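**Student:** What follows is a single structure, and I will ask about it in a moment.
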Amino acid sequence: MHELKALIKGRIGRSVICLDTVDSTNTFAMELGGRDAEHGTAVIAERQTKGKGRLGREWASPPGRNIAMSVLLRPSMPIREVTLLTVMASVACCRTLREATGLSVTIKWPNDLMVGGRKVGGILTEMKSAAERMIFAVIGIGINLNSEPADFPPDVRATATSVKTETGREHSKTLVIAGICNELESWYEVLVSKGRQPLLDEWRNLSSMLGKPVSVATGKETLRGIAKDIDDQGMLILELPSGAAVTLRAGDVTALRERE
Ligand code: BTN
C-alpha cells in the first residue's frame, strides 16, 4: 500500500482502499460514491465473490493473482457521455499494459483489452445520475495479470489469456495499478481541458478492429459489416453490406476473416 502510494502522481489513487475479499469492487465503490468519498478514490481487492462483467455477466478471477480495481470519479458531464469514461479507461489500461509488459495489447470495442485475439482485461463503468447529470461514476477494471490458463472457468478458457501466459513471467501488481491510476489521471485531465478528440484519436490508434470485417451481437440481433469508426460519444459505427451505417451503443464484437 505504501509502495503504491509513493508511485501515485495525481488525485486518482491517492486515496486507496485495499480489501482482502469483497463481493465486487464496483459495488463497494458505488456505495462509497453515495457517502461523499473523494474523487479518485480507488478500491482494490485480492478476491471478489461476485465480480461483475459487462451485460450482466459474471467476472471470475482467481484470488490474489489478477487485478480487480474500481475508481470513483466525480466528473461534471451529462449522462449520455458516460461511454467516454469507458473509452478513457480502455486507453489508460492499454497504454499501461503495453508500457509495463511490452505486449501488443489492443482495444476491442467497447472495452476489451486483447492480446493476440484473446481477452486480457475488461472494463465495467457504472454511474449514479440525477436529472441527466452524472453525480458520480465508477470505473471497474479487471486485468488478468498473473493467472494460469487453468485458473479460468472452462467456458472462457479458449478466449481469455493473462499477461503471465503471454510473457512467460510474473508482473508486479503494484506497478501496473500505479501505472493505470497515473494514465487515468493524465487522460482525465486531457478530457476535461482539451475535450474528447485527443482521447478518441488515441483510442483509434490502439484499436485492433477499425476498417476490418466484424460481426456484432447486440442482444437483439447479430449484424455483420465493417467496423468503420467510433463516434463522438464512443459508439461503434458499423457499415453494413448495403453501405448503410448503423451506430451501436453496446454489443459483442467478433473479428471475421476478410472473406466471411
Ligand atoms: C467485462 O465484462 O469485460 C468487464 C469486466 C470488469 C471486471 C472488473 S473487476 C473489478 C471491477 N469490479 C467488478 O465487479 N467488475 C469490475
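The way I read the labels, and the way they are meant: chains A, B, ... in the order of the C-alpha cells, residue 1 as the first residue of every chain, and ligand 1 as the first ligand shown, with later ones counted on from there.
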Taking only C-alpha atoms and all ligand atoms into account, report as a PDB file with N, CA, C and O atoms, in the first residue's frame which residues have an atom no farther than 10 Å from an atom of ligand 1.

**Tutor:**
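Output file out-v5.pdb is given in full below:
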ATOM      1  N   VAL A  22     -14.200  -9.072  -1.215  1.00  0.00           N
ATOM      2  CA  VAL A  22     -15.369  -8.199  -1.353  1.00  0.00           C
ATOM      3  C   VAL A  22     -16.281  -8.859  -2.397  1.00  0.00           C
ATOM      4  O   VAL A  22     -15.817  -9.695  -3.181  1.00  0.00           O
ATOM      5  N   ASP A  23     -17.555  -8.516  -2.378  1.00  0.00           N
ATOM      6  CA  ASP A  23     -18.419  -9.080  -3.428  1.00  0.00           C
ATOM      7  C   ASP A  23     -17.949  -8.564  -4.790  1.00  0.00           C
ATOM      8  O   ASP A  23     -17.616  -9.317  -5.695  1.00  0.00           O
ATOM      9  N   SER A  24     -17.906  -7.236  -4.915  1.00  0.00           N
ATOM     10  CA  SER A  24     -17.433  -6.618  -6.155  1.00  0.00           C
ATOM     11  C   SER A  24     -16.845  -5.259  -5.796  1.00  0.00           C
ATOM     12  O   SER A  24     -17.478  -4.490  -5.052  1.00  0.00           O
ATOM     13  N   THR A  25     -15.684  -4.954  -6.316  1.00  0.00           N
ATOM     14  CA  THR A  25     -15.085  -3.634  -6.027  1.00  0.00           C
ATOM     15  C   THR A  25     -15.973  -2.527  -6.605  1.00  0.00           C
ATOM     16  O   THR A  25     -16.037  -1.431  -6.068  1.00  0.00           O
ATOM     17  N   ASN A  26     -16.683  -2.814  -7.706  1.00  0.00           N
ATOM     18  CA  ASN A  26     -17.583  -1.803  -8.270  1.00  0.00           C
ATOM     19  C   ASN A  26     -18.737  -1.502  -7.306  1.00  0.00           C
ATOM     20  O   ASN A  26     -19.060  -0.341  -7.064  1.00  0.00           O
ATOM     21  N   THR A  27     -19.345  -2.567  -6.764  1.00  0.00           N
ATOM     22  CA  THR A  27     -20.457  -2.378  -5.822  1.00  0.00           C
ATOM     23  C   THR A  27     -19.968  -1.577  -4.612  1.00  0.00           C
ATOM     24  O   THR A  27     -20.638  -0.640  -4.154  1.00  0.00           O
ATOM     25  N   PHE A  28     -18.779  -1.933  -4.109  1.00  0.00           N
ATOM     26  CA  PHE A  28     -18.199  -1.247  -2.950  1.00  0.00           C
ATOM     27  C   PHE A  28     -17.966   0.231  -3.266  1.00  0.00           C
ATOM     28  O   PHE A  28     -18.316   1.127  -2.494  1.00  0.00           O
ATOM     29  N   ALA A  29     -17.400   0.504  -4.445  1.00  0.00           N
ATOM     30  CA  ALA A  29     -17.099   1.896  -4.821  1.00  0.00           C
ATOM     31  C   ALA A  29     -18.388   2.687  -5.076  1.00  0.00           C
ATOM     32  O   ALA A  29     -18.440   3.895  -4.804  1.00  0.00           O
ATOM     33  N   VAL A  43     -10.541   1.427  -5.144  1.00  0.00           N
ATOM     34  CA  VAL A  43     -10.828   0.249  -4.317  1.00  0.00           C
ATOM     35  C   VAL A  43     -10.163  -0.947  -5.011  1.00  0.00           C
ATOM     36  O   VAL A  43     -10.399  -1.179  -6.197  1.00  0.00           O
ATOM     37  N   ILE A  44      -9.331  -1.661  -4.266  1.00  0.00           N
ATOM     38  CA  ILE A  44      -8.594  -2.794  -4.849  1.00  0.00           C
ATOM     39  C   ILE A  44      -8.871  -4.025  -3.994  1.00  0.00           C
ATOM     40  O   ILE A  44      -8.829  -3.938  -2.765  1.00  0.00           O
ATOM     41  N   ALA A  45      -9.168  -5.143  -4.622  1.00  0.00           N
ATOM     42  CA  ALA A  45      -9.432  -6.354  -3.834  1.00  0.00           C
ATOM     43  C   ALA A  45      -8.583  -7.518  -4.322  1.00  0.00           C
ATOM     44  O   ALA A  45      -8.304  -7.656  -5.509  1.00  0.00           O
ATOM     45  N   ARG A  47      -9.691 -10.537  -3.836  1.00  0.00           N
ATOM     46  CA  ARG A  47     -10.635 -11.573  -4.264  1.00  0.00           C
ATOM     47  C   ARG A  47     -12.043 -10.987  -4.313  1.00  0.00           C
ATOM     48  O   ARG A  47     -12.455 -10.282  -3.396  1.00  0.00           O
ATOM     49  N   GLN A  48     -12.769 -11.271  -5.388  1.00  0.00           N
ATOM     50  CA  GLN A  48     -14.168 -10.857  -5.495  1.00  0.00           C
ATOM     51  C   GLN A  48     -15.050 -12.120  -5.503  1.00  0.00           C
ATOM     52  O   GLN A  48     -14.757 -13.076  -6.208  1.00  0.00           O
ATOM     53  N   THR A  49     -16.118 -12.069  -4.724  1.00  0.00           N
ATOM     54  CA  THR A  49     -17.007 -13.241  -4.705  1.00  0.00           C
ATOM     55  C   THR A  49     -18.134 -13.092  -5.728  1.00  0.00           C
ATOM     56  O   THR A  49     -18.797 -14.058  -6.067  1.00  0.00           O
ATOM     57  N   LYS A  50     -18.375 -11.859  -6.180  1.00  0.00           N
ATOM     58  CA  LYS A  50     -19.435 -11.620  -7.163  1.00  0.00           C
ATOM     59  C   LYS A  50     -18.985 -10.563  -8.153  1.00  0.00           C
ATOM     60  O   LYS A  50     -19.652  -9.536  -8.335  1.00  0.00           O
ATOM     61  N   GLY A  51     -17.815 -10.790  -8.749  1.00  0.00           N
ATOM     62  CA  GLY A  51     -17.282  -9.825  -9.718  1.00  0.00           C
ATOM     63  C   GLY A  51     -18.255  -9.666 -10.876  1.00  0.00           C
ATOM     64  O   GLY A  51     -18.803 -10.646 -11.375  1.00  0.00           O
ATOM     65  N   LYS A  52     -18.461  -8.424 -11.279  1.00  0.00           N
ATOM     66  CA  LYS A  52     -19.443  -8.155 -12.331  1.00  0.00           C
ATOM     67  C   LYS A  52     -18.751  -7.888 -13.662  1.00  0.00           C
ATOM     68  O   LYS A  52     -17.789  -7.126 -13.741  1.00  0.00           O
ATOM     69  N   GLY A  53     -19.269  -8.503 -14.722  1.00  0.00           N
ATOM     70  CA  GLY A  53     -18.790  -8.231 -16.067  1.00  0.00           C
ATOM     71  C   GLY A  53     -19.842  -7.439 -16.819  1.00  0.00           C
ATOM     72  O   GLY A  53     -20.900  -7.111 -16.288  1.00  0.00           O
ATOM     73  N   ARG A  54     -19.522  -7.150 -18.052  1.00  0.00           N
ATOM     74  CA  ARG A  54     -20.441  -6.408 -18.903  1.00  0.00           C
ATOM     75  C   ARG A  54     -21.684  -7.243 -19.200  1.00  0.00           C
ATOM     76  O   ARG A  54     -21.645  -8.463 -19.175  1.00  0.00           O
ATOM     77  N   LEU A  55     -22.774  -6.576 -19.532  1.00  0.00           N
ATOM     78  CA  LEU A  55     -24.027  -7.205 -19.954  1.00  0.00           C
ATOM     79  C   LEU A  55     -24.515  -8.235 -18.933  1.00  0.00           C
ATOM     80  O   LEU A  55     -25.014  -9.304 -19.284  1.00  0.00           O
ATOM     81  N   GLY A  56     -24.339  -7.910 -17.649  1.00  0.00           N
ATOM     82  CA  GLY A  56     -24.866  -8.758 -16.574  1.00  0.00           C
ATOM     83  C   GLY A  56     -24.097 -10.057 -16.361  1.00  0.00           C
ATOM     84  O   GLY A  56     -24.544 -10.923 -15.605  1.00  0.00           O
ATOM     85  N   ARG A  57     -22.941 -10.196 -17.008  1.00  0.00           N
ATOM     86  CA  ARG A  57     -22.189 -11.445 -16.856  1.00  0.00           C
ATOM     87  C   ARG A  57     -21.366 -11.438 -15.577  1.00  0.00           C
ATOM     88  O   ARG A  57     -21.128 -10.398 -14.982  1.00  0.00           O
ATOM     89  N   GLU A  58     -20.891 -12.637 -15.221  1.00  0.00           N
ATOM     90  CA  GLU A  58     -20.023 -12.746 -14.050  1.00  0.00           C
ATOM     91  C   GLU A  58     -18.573 -12.521 -14.498  1.00  0.00           C
ATOM     92  O   GLU A  58     -18.219 -12.883 -15.620  1.00  0.00           O
ATOM     93  N   TRP A  59     -17.761 -11.913 -13.631  1.00  0.00           N
ATOM     94  CA  TRP A  59     -16.328 -11.751 -13.937  1.00  0.00           C
ATOM     95  C   TRP A  59     -15.552 -12.587 -12.926  1.00  0.00           C
ATOM     96  O   TRP A  59     -15.536 -12.284 -11.739  1.00  0.00           O
ATOM     97  N   ALA A  60     -14.937 -13.649 -13.404  1.00  0.00           N
ATOM     98  CA  ALA A  60     -14.226 -14.544 -12.494  1.00  0.00           C
ATOM     99  C   ALA A  60     -12.743 -14.208 -12.502  1.00  0.00           C
ATOM    100  O   ALA A  60     -12.166 -13.964 -13.559  1.00  0.00           O
ATOM    101  N   SER A  61     -12.133 -14.162 -11.316  1.00  0.00           N
ATOM    102  CA  SER A  61     -10.680 -14.034 -11.289  1.00  0.00           C
ATOM    103  C   SER A  61     -10.161 -14.756 -10.057  1.00  0.00           C
ATOM    104  O   SER A  61     -10.724 -14.625  -8.976  1.00  0.00           O
ATOM    105  N   ASN A  66      -4.726 -11.688 -10.038  1.00  0.00           N
ATOM    106  CA  ASN A  66      -5.091 -10.690 -11.048  1.00  0.00           C
ATOM    107  C   ASN A  66      -5.431  -9.348 -10.415  1.00  0.00           C
ATOM    108  O   ASN A  66      -5.450  -9.214  -9.194  1.00  0.00           O
ATOM    109  N   ILE A  67      -5.735  -8.366 -11.256  1.00  0.00           N
ATOM    110  CA  ILE A  67      -6.102  -7.045 -10.731  1.00  0.00           C
ATOM    111  C   ILE A  67      -7.611  -6.880 -10.793  1.00  0.00           C
ATOM    112  O   ILE A  67      -8.224  -7.064 -11.853  1.00  0.00           O
ATOM    113  N   ALA A  68      -8.194  -6.559  -9.641  1.00  0.00           N
ATOM    114  CA  ALA A  68      -9.614  -6.172  -9.587  1.00  0.00           C
ATOM    115  C   ALA A  68      -9.641  -4.831  -8.877  1.00  0.00           C
ATOM    116  O   ALA A  68      -9.327  -4.754  -7.680  1.00  0.00           O
ATOM    117  N   MET A  69      -9.931  -3.782  -9.624  1.00  0.00           N
ATOM    118  CA  MET A  69      -9.935  -2.455  -9.002  1.00  0.00           C
ATOM    119  C   MET A  69     -11.066  -1.598  -9.556  1.00  0.00           C
ATOM    120  O   MET A  69     -11.541  -1.822 -10.672  1.00  0.00           O
ATOM    121  N   SER A  70     -11.517  -0.647  -8.740  1.00  0.00           N
ATOM    122  CA  SER A  70     -12.541   0.295  -9.189  1.00  0.00           C
ATOM    123  C   SER A  70     -12.125   1.686  -8.754  1.00  0.00           C
ATOM    124  O   SER A  70     -11.570   1.861  -7.666  1.00  0.00           O
ATOM    125  N   VAL A  71     -12.401   2.652  -9.625  1.00  0.00           N
ATOM    126  CA  VAL A  71     -12.013   4.034  -9.336  1.00  0.00           C
ATOM    127  C   VAL A  71     -13.271   4.902  -9.349  1.00  0.00           C
ATOM    128  O   VAL A  71     -14.073   4.835 -10.286  1.00  0.00           O
ATOM    129  N   PRO A 110     -16.413  -2.546 -26.996  1.00  0.00           N
ATOM    130  CA  PRO A 110     -16.223  -1.222 -26.431  1.00  0.00           C
ATOM    131  C   PRO A 110     -15.105  -1.152 -25.400  1.00  0.00           C
ATOM    132  O   PRO A 110     -14.568  -0.078 -25.169  1.00  0.00           O
ATOM    133  N   ASN A 111     -14.764  -2.279 -24.769  1.00  0.00           N
ATOM    134  CA  ASN A 111     -13.893  -2.135 -23.609  1.00  0.00           C
ATOM    135  C   ASN A 111     -13.017  -3.343 -23.342  1.00  0.00           C
ATOM    136  O   ASN A 111     -12.581  -3.543 -22.224  1.00  0.00           O
ATOM    137  N   ASP A 112     -12.784  -4.171 -24.348  1.00  0.00           N
ATOM    138  CA  ASP A 112     -11.966  -5.358 -24.098  1.00  0.00           C
ATOM    139  C   ASP A 112     -10.506  -5.059 -24.406  1.00  0.00           C
ATOM    140  O   ASP A 112     -10.185  -4.439 -25.424  1.00  0.00           O
ATOM    141  N   LEU A 113      -9.623  -5.546 -23.541  1.00  0.00           N
ATOM    142  CA  LEU A 113      -8.180  -5.426 -23.781  1.00  0.00           C
ATOM    143  C   LEU A 113      -7.720  -6.780 -24.303  1.00  0.00           C
ATOM    144  O   LEU A 113      -7.951  -7.810 -23.651  1.00  0.00           O
ATOM    145  N   LYS A 119      -8.734 -12.253 -24.695  1.00  0.00           N
ATOM    146  CA  LYS A 119      -9.020 -11.138 -23.780  1.00  0.00           C
ATOM    147  C   LYS A 119      -8.106 -11.198 -22.556  1.00  0.00           C
ATOM    148  O   LYS A 119      -8.024 -12.208 -21.874  1.00  0.00           O
ATOM    149  N   VAL A 120      -7.472 -10.059 -22.275  1.00  0.00           N
ATOM    150  CA  VAL A 120      -6.562  -9.989 -21.124  1.00  0.00           C
ATOM    151  C   VAL A 120      -7.127  -9.057 -20.045  1.00  0.00           C
ATOM    152  O   VAL A 120      -6.642  -9.031 -18.918  1.00  0.00           O
ATOM    153  N   GLY A 121      -8.191  -8.338 -20.378  1.00  0.00           N
ATOM    154  CA  GLY A 121      -8.794  -7.455 -19.387  1.00  0.00           C
ATOM    155  C   GLY A 121     -10.089  -6.846 -19.890  1.00  0.00           C
ATOM    156  O   GLY A 121     -10.388  -6.906 -21.091  1.00  0.00           O
ATOM    157  N   GLY A 122     -10.853  -6.315 -18.950  1.00  0.00           N
ATOM    158  CA  GLY A 122     -12.123  -5.684 -19.318  1.00  0.00           C
ATOM    159  C   GLY A 122     -12.468  -4.555 -18.367  1.00  0.00           C
ATOM    160  O   GLY A 122     -11.872  -4.433 -17.275  1.00  0.00           O
ATOM    161  N   ILE A 123     -13.402  -3.726 -18.788  1.00  0.00           N
ATOM    162  CA  ILE A 123     -13.772  -2.540 -18.023  1.00  0.00           C
ATOM    163  C   ILE A 123     -15.292  -2.478 -17.900  1.00  0.00           C
ATOM    164  O   ILE A 123     -16.009  -2.736 -18.878  1.00  0.00           O
ATOM    165  N   LEU A 124     -15.750  -2.148 -16.709  1.00  0.00           N
ATOM    166  CA  LEU A 124     -17.194  -2.001 -16.494  1.00  0.00           C
ATOM    167  C   LEU A 124     -17.444  -0.670 -15.794  1.00  0.00           C
ATOM    168  O   LEU A 124     -17.018  -0.479 -14.657  1.00  0.00           O
ATOM    169  N   THR A 125     -18.104   0.244 -16.498  1.00  0.00           N
ATOM    170  CA  THR A 125     -18.370   1.565 -15.921  1.00  0.00           C
ATOM    171  C   THR A 125     -19.819   1.619 -15.442  1.00  0.00           C
ATOM    172  O   THR A 125     -20.733   1.207 -16.159  1.00  0.00           O
ATOM    173  N   GLU A 126     -19.994   2.106 -14.217  1.00  0.00           N
ATOM    174  CA  GLU A 126     -21.346   2.286 -13.676  1.00  0.00           C
ATOM    175  C   GLU A 126     -21.454   3.733 -13.214  1.00  0.00           C
ATOM    176  O   GLU A 126     -20.443   4.390 -12.954  1.00  0.00           O
ATOM    177  N   VAL A 138     -18.226   5.047 -11.488  1.00  0.00           N
ATOM    178  CA  VAL A 138     -17.242   4.081 -11.011  1.00  0.00           C
ATOM    179  C   VAL A 138     -16.719   3.315 -12.222  1.00  0.00           C
ATOM    180  O   VAL A 138     -17.490   2.757 -12.995  1.00  0.00           O
ATOM    181  N   ILE A 139     -15.412   3.353 -12.388  1.00  0.00           N
ATOM    182  CA  ILE A 139     -14.786   2.597 -13.477  1.00  0.00           C
ATOM    183  C   ILE A 139     -14.171   1.340 -12.871  1.00  0.00           C
ATOM    184  O   ILE A 139     -13.261   1.430 -12.040  1.00  0.00           O
ATOM    185  N   GLY A 140     -14.694   0.198 -13.257  1.00  0.00           N
ATOM    186  CA  GLY A 140     -14.180  -1.082 -12.750  1.00  0.00           C
ATOM    187  C   GLY A 140     -13.226  -1.685 -13.768  1.00  0.00           C
ATOM    188  O   GLY A 140     -13.534  -1.753 -14.958  1.00  0.00           O
ATOM    189  N   ILE A 141     -12.077  -2.117 -13.285  1.00  0.00           N
ATOM    190  CA  ILE A 141     -11.040  -2.634 -14.185  1.00  0.00           C
ATOM    191  C   ILE A 141     -10.606  -4.028 -13.723  1.00  0.00           C
ATOM    192  O   ILE A 141     -10.227  -4.219 -12.568  1.00  0.00           O
ATOM    193  N   GLY A 142     -10.693  -4.980 -14.614  1.00  0.00           N
ATOM    194  CA  GLY A 142     -10.211  -6.330 -14.314  1.00  0.00           C
ATOM    195  C   GLY A 142      -9.111  -6.671 -15.300  1.00  0.00           C
ATOM    196  O   GLY A 142      -9.321  -6.605 -16.511  1.00  0.00           O
ATOM    197  N   ILE A 143      -7.928  -6.999 -14.788  1.00  0.00           N
ATOM    198  CA  ILE A 143      -6.796  -7.372 -15.664  1.00  0.00           C
ATOM    199  C   ILE A 143      -6.320  -8.773 -15.261  1.00  0.00           C
ATOM    200  O   ILE A 143      -6.035  -9.027 -14.076  1.00  0.00           O
ATOM    201  N   ASN A 144      -6.238  -9.646 -16.236  1.00  0.00           N
ATOM    202  CA  ASN A 144      -5.686 -10.983 -15.977  1.00  0.00           C
ATOM    203  C   ASN A 144      -4.172 -10.849 -15.992  1.00  0.00           C
ATOM    204  O   ASN A 144      -3.552 -10.906 -17.046  1.00  0.00           O
TER     205      ASN A 144
END

**Student:** I'd like the neighbourhood of stretch 80-84 of chain A as a list in words, where a residue qualifies if any of its atoms comes within 7 Å (using only C-alpha atoms), though same-chain residues fewer than 4 positions away should be ignored.

**Tutor:** Met88, Gln233 and Gly234 of chain A

**Student:** Please produce a file of those selected residues containing N, CA, C and O atoms, as a PDB file, in the first residue's frame.

**Tutor:**
ATOM      1  N   MET A  88     -11.897   6.214 -22.092  1.00  0.00           N
ATOM      2  CA  MET A  88     -10.726   6.731 -21.377  1.00  0.00           C
ATOM      3  C   MET A  88     -10.018   5.603 -20.609  1.00  0.00           C
ATOM      4  O   MET A  88      -8.785   5.480 -20.645  1.00  0.00           O
ATOM      5  N   GLN A 233     -19.324  10.002 -29.054  1.00  0.00           N
ATOM      6  CA  GLN A 233     -19.696   9.524 -27.718  1.00  0.00           C
ATOM      7  C   GLN A 233     -19.176   8.118 -27.452  1.00  0.00           C
ATOM      8  O   GLN A 233     -19.577   7.470 -26.488  1.00  0.00           O
ATOM      9  N   GLY A 234     -18.321   7.629 -28.337  1.00  0.00           N
ATOM     10  CA  GLY A 234     -17.725   6.309 -28.119  1.00  0.00           C
ATOM     11  C   GLY A 234     -18.578   5.171 -28.638  1.00  0.00           C
ATOM     12  O   GLY A 234     -18.336   4.006 -28.323  1.00  0.00           O
TER      13      GLY A 234
END

**Student:** Which residues come within 12 Å of A:Lys220, counting only C-alpha atoms, excluding same-chain residues fewer than 4 positions away, as a PyMOL selection string?

**Tutor:** chain A and resi 216+248+250-252

**Student:** Store the residues picked out above, limited to C-alpha atoms, as a short mmCIF file (atom, residue, chain, number, x, y, z; two decimals), in the first residue's frame.

**Tutor:**
data_model
loop_
_atom_site.label_atom_id
_atom_site.label_comp_id
_atom_site.auth_asym_id
_atom_site.auth_seq_id
_atom_site.Cartn_x
_atom_site.Cartn_y
_atom_site.Cartn_z
CA VAL A 216 -21.66 -7.62 -33.61
CA LEU A 248 -24.31 0.77 -31.85
CA ALA A 250 -23.38 -1.96 -26.87
CA GLY A 251 -22.63 -5.42 -28.18
CA ASP A 252 -20.10 -8.21 -28.52
#

**Student:** Please determine, counting only C-alpha atoms, which residue among A:Val214, A:Leu97, A:Ala6, A:Leu72 has the shortest atom-to-atom distance to A:His171.

**Tutor:**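 Result for the nearest residue to A:His171: A:Leu97.
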
**Student:** Would you pick out the contacts of A:Arg257 at 12 Å or less, using only C-alpha atoms, so that residues sharing its chain but fewer than 6 positions from it are not included, and give the list as a ChimeraX atom specification?

**Tutor:** /A:209,212-215,224-226

**Student:** Create the file for the chosen residues now, containing N, CA, C and O atoms and written as a tab-separated table (two decimals), in the first residue's frame.

**Tutor:**
chain	number	residue	atom	x	y	z
A	209	MET	N	-9.60	-3.21	-34.50
A	209	MET	CA	-10.64	-3.68	-35.42
A	209	MET	C	-11.12	-2.66	-36.44
A	209	MET	O	-11.90	-3.03	-37.32
A	212	LYS	N	-11.97	-3.27	-40.33
A	212	LYS	CA	-12.00	-4.73	-40.56
A	212	LYS	C	-13.43	-5.27	-40.51
A	212	LYS	O	-14.30	-4.69	-39.85
A	213	PRO	N	-13.66	-6.44	-41.15
A	213	PRO	CA	-14.98	-7.05	-41.09
A	213	PRO	C	-15.23	-7.67	-39.70
A	213	PRO	O	-14.35	-8.35	-39.17
A	214	VAL	N	-16.39	-7.41	-39.17
A	214	VAL	CA	-16.74	-7.92	-37.83
A	214	VAL	C	-18.19	-8.35	-37.81
A	214	VAL	O	-18.98	-7.95	-38.67
A	215	SER	N	-18.53	-9.17	-36.81
A	215	SER	CA	-19.95	-9.35	-36.51
A	215	SER	C	-20.18	-8.81	-35.11
A	215	SER	O	-19.30	-8.89	-34.25
A	224	ARG	N	-23.48	-7.98	-39.34
A	224	ARG	CA	-22.14	-8.09	-39.93
A	224	ARG	C	-21.84	-6.84	-40.72
A	224	ARG	O	-22.76	-6.25	-41.31
A	225	GLY	N	-20.60	-6.46	-40.75
A	225	GLY	CA	-20.24	-5.27	-41.53
A	225	GLY	C	-18.80	-4.91	-41.28
A	225	GLY	O	-18.02	-5.71	-40.75
A	226	ILE	N	-18.44	-3.70	-41.65
A	226	ILE	CA	-17.08	-3.20	-41.43
A	226	ILE	C	-17.12	-2.24	-40.24
A	226	ILE	O	-17.97	-1.33	-40.21

**Student:** Can you tell me, as a ChimeraX atom specification, which residues in stretch 156-227 of chain A count as strand (DSSP E) by DSSP?

**Tutor:** /A:213-217,222-227

**Student:** Choose the residue, out of A:Thr165, A:Thr222, A:Ala137, A:Val190, that has the smallest atom-to-atom separation from A:Pro149; count only C-alpha atoms.

**Tutor:**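 Ranked by minimum distance to A:Pro149, first place goes to A:Thr165.
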
**Student:** Applying 9 Å and only C-alpha atoms, which residues near stretch 203-208 of chain A remain after dropping the ones on its own chain fewer than 4 positions away? List them as a list of chain:residue names.

**Tutor:**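 Counting only C-alpha atoms, the residues come to A:Val87, A:Met88, A:Ser90, A:Val91, A:Cys94, A:Arg95, A:Val105, A:Thr106, A:Ile107, A:Lys108, A:Trp109, A:Met114, A:Pro198, A:Leu199, A:Lys212, A:Asp229, A:Ile230.
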
**Student:** Could you tell me how far atom CA of A:Ile135 lies from atom CA of A:Arg35, in Å and to one decimal?

**Tutor:**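 Between atom CA of A:Ile135 and atom CA of A:Arg35 the gap works out to 11.7 Å.
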
**Student:** Quick one: residues within 10 Å of stretch 37-41 of chain A, only C-alpha atoms counted, chain neighbours fewer than 5 positions away excluded, as a PyMOL selection string?

**Tutor:** chain A and resi 10-17+29-32+70-75+136-138+181+184-185

**Student:** Mind pulling up the distance from atom CA of A:Ala130 to atom CA of A:Asn182?

**Tutor:**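 Atom CA of A:Ala130 lies 29.0 Å from atom CA of A:Asn182.
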
**Student:** So how far away is atom CA of A:Cys18 from atom CA of A:Ser129, in Å?

**Tutor:**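 Separation of atom CA of A:Ser129 and atom CA of A:Cys18: 26.3 Å.
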
**Student:** At a cut-off of 12 Å, using only C-alpha atoms, what residues contact A:Thr101? Leave out same-chain residues fewer than 2 positions from it and give the result as a list in words.

**Tutor:** Cys93, Cys94, Arg95, Thr96, Leu97, Arg98, Glu99, Leu103, Ser104, Val105, Val115, Leu145, Asn146, Ser162, Val163, Lys164, Thr165, Glu166, Thr167, Gly168, Arg169, Glu170, His171, Ser172, Lys173, Leu175, Val176 and Gly179 of chain A

**Student:** With distances taken over only C-alpha atoms, which of A:Val253, A:Trp187, A:Asp201, A:Asp232 is nearest to A:Thr218?

**Tutor:**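 Smallest distance to A:Thr218 is found for A:Val253.
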
**Student:** Just asking: which residues within stretch 11-145 of chain A are helix (DSSP H, G or I) according to DSSP, as a PyMOL selection string?

**Tutor:** chain A and resi 25-33+54-56+79-101
